[in-house]
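Text of input_1.pdb (PDB, C-alpha atoms) as supplied:
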```pdb
ATOM      1  CA  MET F   1    -106.136 223.236  32.211  1.00  0.00           C
ATOM      2  CA  LYS F   2    -104.716 224.431  28.892  1.00  0.00           C
ATOM      3  CA  THR F   3    -103.393 222.102  26.215  1.00  0.00           C
ATOM      4  CA  LEU F   4     -99.705 221.905  25.395  1.00  0.00           C
ATOM      5  CA  TYR F   5    -100.403 223.892  22.225  1.00  0.00           C
ATOM      6  CA  GLU F   6    -101.932 226.734  24.244  1.00  0.00           C
ATOM      7  CA  ARG F   7     -98.860 226.755  26.508  1.00  0.00           C
ATOM      8  CA  LEU F   8     -96.171 226.807  23.804  1.00  0.00           C
ATOM      9  CA  GLU F   9     -93.424 229.366  24.155  1.00  0.00           C
ATOM     10  CA  PRO F  10     -93.847 232.033  21.427  1.00  0.00           C
ATOM     11  CA  ASN F  11     -90.566 231.151  19.676  1.00  0.00           C
ATOM     12  CA  ILE F  12     -91.620 227.484  19.463  1.00  0.00           C
ATOM     13  CA  LEU F  13     -94.947 228.401  17.896  1.00  0.00           C
ATOM     14  CA  GLU F  14     -93.136 230.662  15.415  1.00  0.00           C
ATOM     15  CA  GLY F  15     -90.814 227.816  14.428  1.00  0.00           C
ATOM     16  CA  LEU F  16     -93.712 225.441  13.869  1.00  0.00           C
ATOM     17  CA  GLU F  17     -95.573 227.978  11.741  1.00  0.00           C
ATOM     18  CA  TYR F  18     -92.453 228.670   9.681  1.00  0.00           C
ATOM     19  CA  ASN F  19     -91.792 224.964   9.048  1.00  0.00           C
ATOM     20  CA  LYS F  20     -95.432 224.339   8.187  1.00  0.00           C
ATOM     21  CA  LYS F  21     -94.774 226.011   4.830  1.00  0.00           C
ATOM     22  CA  GLN F  22     -92.445 223.202   3.738  1.00  0.00           C
ATOM     23  CA  HIS F  23     -93.612 220.304   5.908  1.00  0.00           C
ATOM     24  CA  GLU F  24     -97.339 220.913   6.246  1.00  0.00           C
ATOM     25  CA  PHE F  25     -98.416 217.291   6.791  1.00  0.00           C
ATOM     26  CA  VAL F  26     -95.829 216.600   9.512  1.00  0.00           C
ATOM     27  CA  VAL F  27     -96.267 219.912  11.319  1.00  0.00           C
ATOM     28  CA  ASP F  28    -100.052 219.517  11.268  1.00  0.00           C
ATOM     29  CA  GLY F  29     -99.519 216.184  13.041  1.00  0.00           C
ATOM     30  CA  VAL F  30     -97.250 217.831  15.612  1.00  0.00           C
ATOM     31  CA  ILE F  31     -99.833 220.552  16.252  1.00  0.00           C
ATOM     32  CA  SER F  32    -102.578 217.948  16.545  1.00  0.00           C
ATOM     33  CA  ASN F  33    -100.561 216.091  19.189  1.00  0.00           C
ATOM     34  CA  LEU F  34     -99.966 219.311  21.103  1.00  0.00           C
ATOM     35  CA  LYS F  35    -103.676 220.177  21.004  1.00  0.00           C
ATOM     36  CA  SER F  36    -104.716 216.736  22.228  1.00  0.00           C
ATOM     37  CA  HIS F  37    -102.383 216.547  25.244  1.00  0.00           C
ATOM     38  CA  LYS F  38    -102.179 218.541  28.444  1.00  0.00           C
ATOM     39  CA  PHE F  39     -99.009 217.029  29.894  1.00  0.00           C
ATOM     40  CA  TRP F  40     -95.609 216.765  28.213  1.00  0.00           C
ATOM     41  CA  GLN F  41     -94.978 213.346  29.759  1.00  0.00           C
ATOM     42  CA  ASP F  42     -98.007 211.959  27.892  1.00  0.00           C
ATOM     43  CA  LEU F  43     -96.187 212.450  24.580  1.00  0.00           C
ATOM     44  CA  THR F  44     -94.140 209.663  23.041  1.00  0.00           C
ATOM     45  CA  ILE F  45     -90.422 210.177  22.557  1.00  0.00           C
ATOM     46  CA  SER F  46     -91.041 210.423  18.822  1.00  0.00           C
ATOM     47  CA  GLN F  47     -93.670 213.139  19.322  1.00  0.00           C
ATOM     48  CA  ALA F  48     -91.367 215.147  21.611  1.00  0.00           C
ATOM     49  CA  ARG F  49     -88.534 214.800  19.080  1.00  0.00           C
ATOM     50  CA  SER F  50     -90.775 216.052  16.275  1.00  0.00           C
ATOM     51  CA  ILE F  51     -91.859 219.066  18.328  1.00  0.00           C
ATOM     52  CA  ILE F  52     -88.235 219.971  19.001  1.00  0.00           C
ATOM     53  CA  LEU F  53     -87.144 219.331  15.415  1.00  0.00           C
ATOM     54  CA  PHE F  54     -89.927 221.213  13.627  1.00  0.00           C
ATOM     55  CA  SER F  55     -89.954 224.139  16.055  1.00  0.00           C
ATOM     56  CA  ASP F  56     -86.339 224.956  15.158  1.00  0.00           C
ATOM     57  CA  TYR F  57     -85.382 224.763  18.833  1.00  0.00           C
ATOM     58  CA  PRO F  58     -81.558 224.778  18.869  1.00  0.00           C
ATOM     59  CA  MET F  59     -80.318 221.228  19.426  1.00  0.00           C
ATOM     60  CA  ILE F  60     -77.404 222.571  21.467  1.00  0.00           C
ATOM     61  CA  LYS F  61     -79.959 223.773  24.052  1.00  0.00           C
ATOM     62  CA  VAL F  62     -81.804 220.453  24.360  1.00  0.00           C
ATOM     63  CA  THR F  63     -81.239 219.058  27.841  1.00  0.00           C
ATOM     64  CA  ASN F  64     -82.616 216.132  29.773  1.00  0.00           C
ATOM     65  CA  MET F  65     -85.158 218.561  31.258  1.00  0.00           C
ATOM     66  CA  THR F  66     -86.279 219.546  27.762  1.00  0.00           C
ATOM     67  CA  LEU F  67     -86.917 215.919  26.878  1.00  0.00           C
ATOM     68  CA  LEU F  68     -88.489 214.939  30.205  1.00  0.00           C
ATOM     69  CA  TRP F  69     -90.592 218.006  30.990  1.00  0.00           C
ATOM     70  CA  GLY F  70     -90.652 220.247  27.899  1.00  0.00           C
ATOM     71  CA  GLU F  71     -88.492 222.866  29.596  1.00  0.00           C
ATOM     72  CA  ASN F  72     -88.151 225.974  27.383  1.00  0.00           C
ATOM     73  CA  ILE F  73     -90.793 224.533  25.042  1.00  0.00           C
ATOM     74  CA  ILE F  74     -93.883 224.770  27.260  1.00  0.00           C
ATOM     75  CA  LYS F  75     -94.687 227.763  29.460  1.00  0.00           C
ATOM     76  CA  ASP F  76     -95.210 227.047  33.145  1.00  0.00           C
ATOM     77  CA  GLU F  77     -98.806 227.518  34.221  1.00  0.00           C
ATOM     78  CA  LYS F  78     -99.271 230.171  36.840  1.00  0.00           C
TER      79      LYS F  78
END
```
Represent the structure from my file as structure tokens, please.
Amino acid sequence: MKTLYERLEPNILEGLEYNKKQHEFVVDGVISNLKSHKFWQDLTISQARSIILFSDYPMIKVTNMTLLWGENIIKDEK
């Protein structure tokens, strides 16, 4: 099974890479968390919040499904 990092939606990965320029230490921590987990529900609330924040995912689109399951952040495995 792939890690969360390997299953990121392309726009989320782009946002993280963009924000890494200004917030390298924090974004490196976010990427490390994504690479060390395979399931969204294994992340802490703080880790999920940081992923959403530093990926530039629009806050208006954050739903309960985004927070609980990483909907629109993580690609479904096929």
Residues near F:Ser55, cut-off 9 Å, all atoms listed in the file, skip fewer than 3 positions along chain, as a PyMOL selection string: chain F and resi 11-19+27+50-52+58
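Against the coordinates shown, the PyMOL selection byres ((chain F and resi 44-47) around 10) returns F:Gly29, F:Val30, F:Asn33, F:Leu34, F:Trp40, F:Gln41, F:Asp42, F:Leu43, F:Ala48, F:Arg49, F:Ser50, F:Ile51, F:Ile52, F:Leu53, F:Leu67, F:Leu68.
Taking atom CA of F:Lys20 and atom CA of F:Thr3 as endpoints, the distance between them is 19.8 Å.
Nearest to F:Glu6 of all the residues F:Val26, F:Met59, F:Met65, F:Ile31 is F:Ile31, based on only C-alpha atoms.
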Which residue is closest to F:Ile74? Choose from F:Leu8, F:Met1, F:Phe54, F:Ser36 and count all atoms listed in the file. F:Leu8
Starting from 8 Å padding per side, set up an axis-aligned box that covers all listed atoms of stretch 4-12 of chain F and hand over centre and edge lengths in Å, one decimal, as JSON.
```
{"center_x": -96.2, "center_y": 227.0, "center_z": 23.0, "size_x": 27.4, "size_y": 26.1, "size_z": 23.0}
```
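The nearest approach to F:Lys2 among the residues F:Thr66, F:Lys61, F:His37, F:Ile73, with only C-alpha atoms taken into account, belongs to F:His37.
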Rounded to one decimal in Å, what is the spacing between atom CA of F:Trp69 and atom CA of F:Asp56? 17.8 Å
Atom CA of F:Arg7 sits from atom CA of F:Asp76 at a separation of 7.6 Å
Just checking: using all atoms listed in the file, which residue out of F:Glu9, F:Ser32, F:Phe39, F:Glu24 ends up closest to F:Asn72? F:Glu9
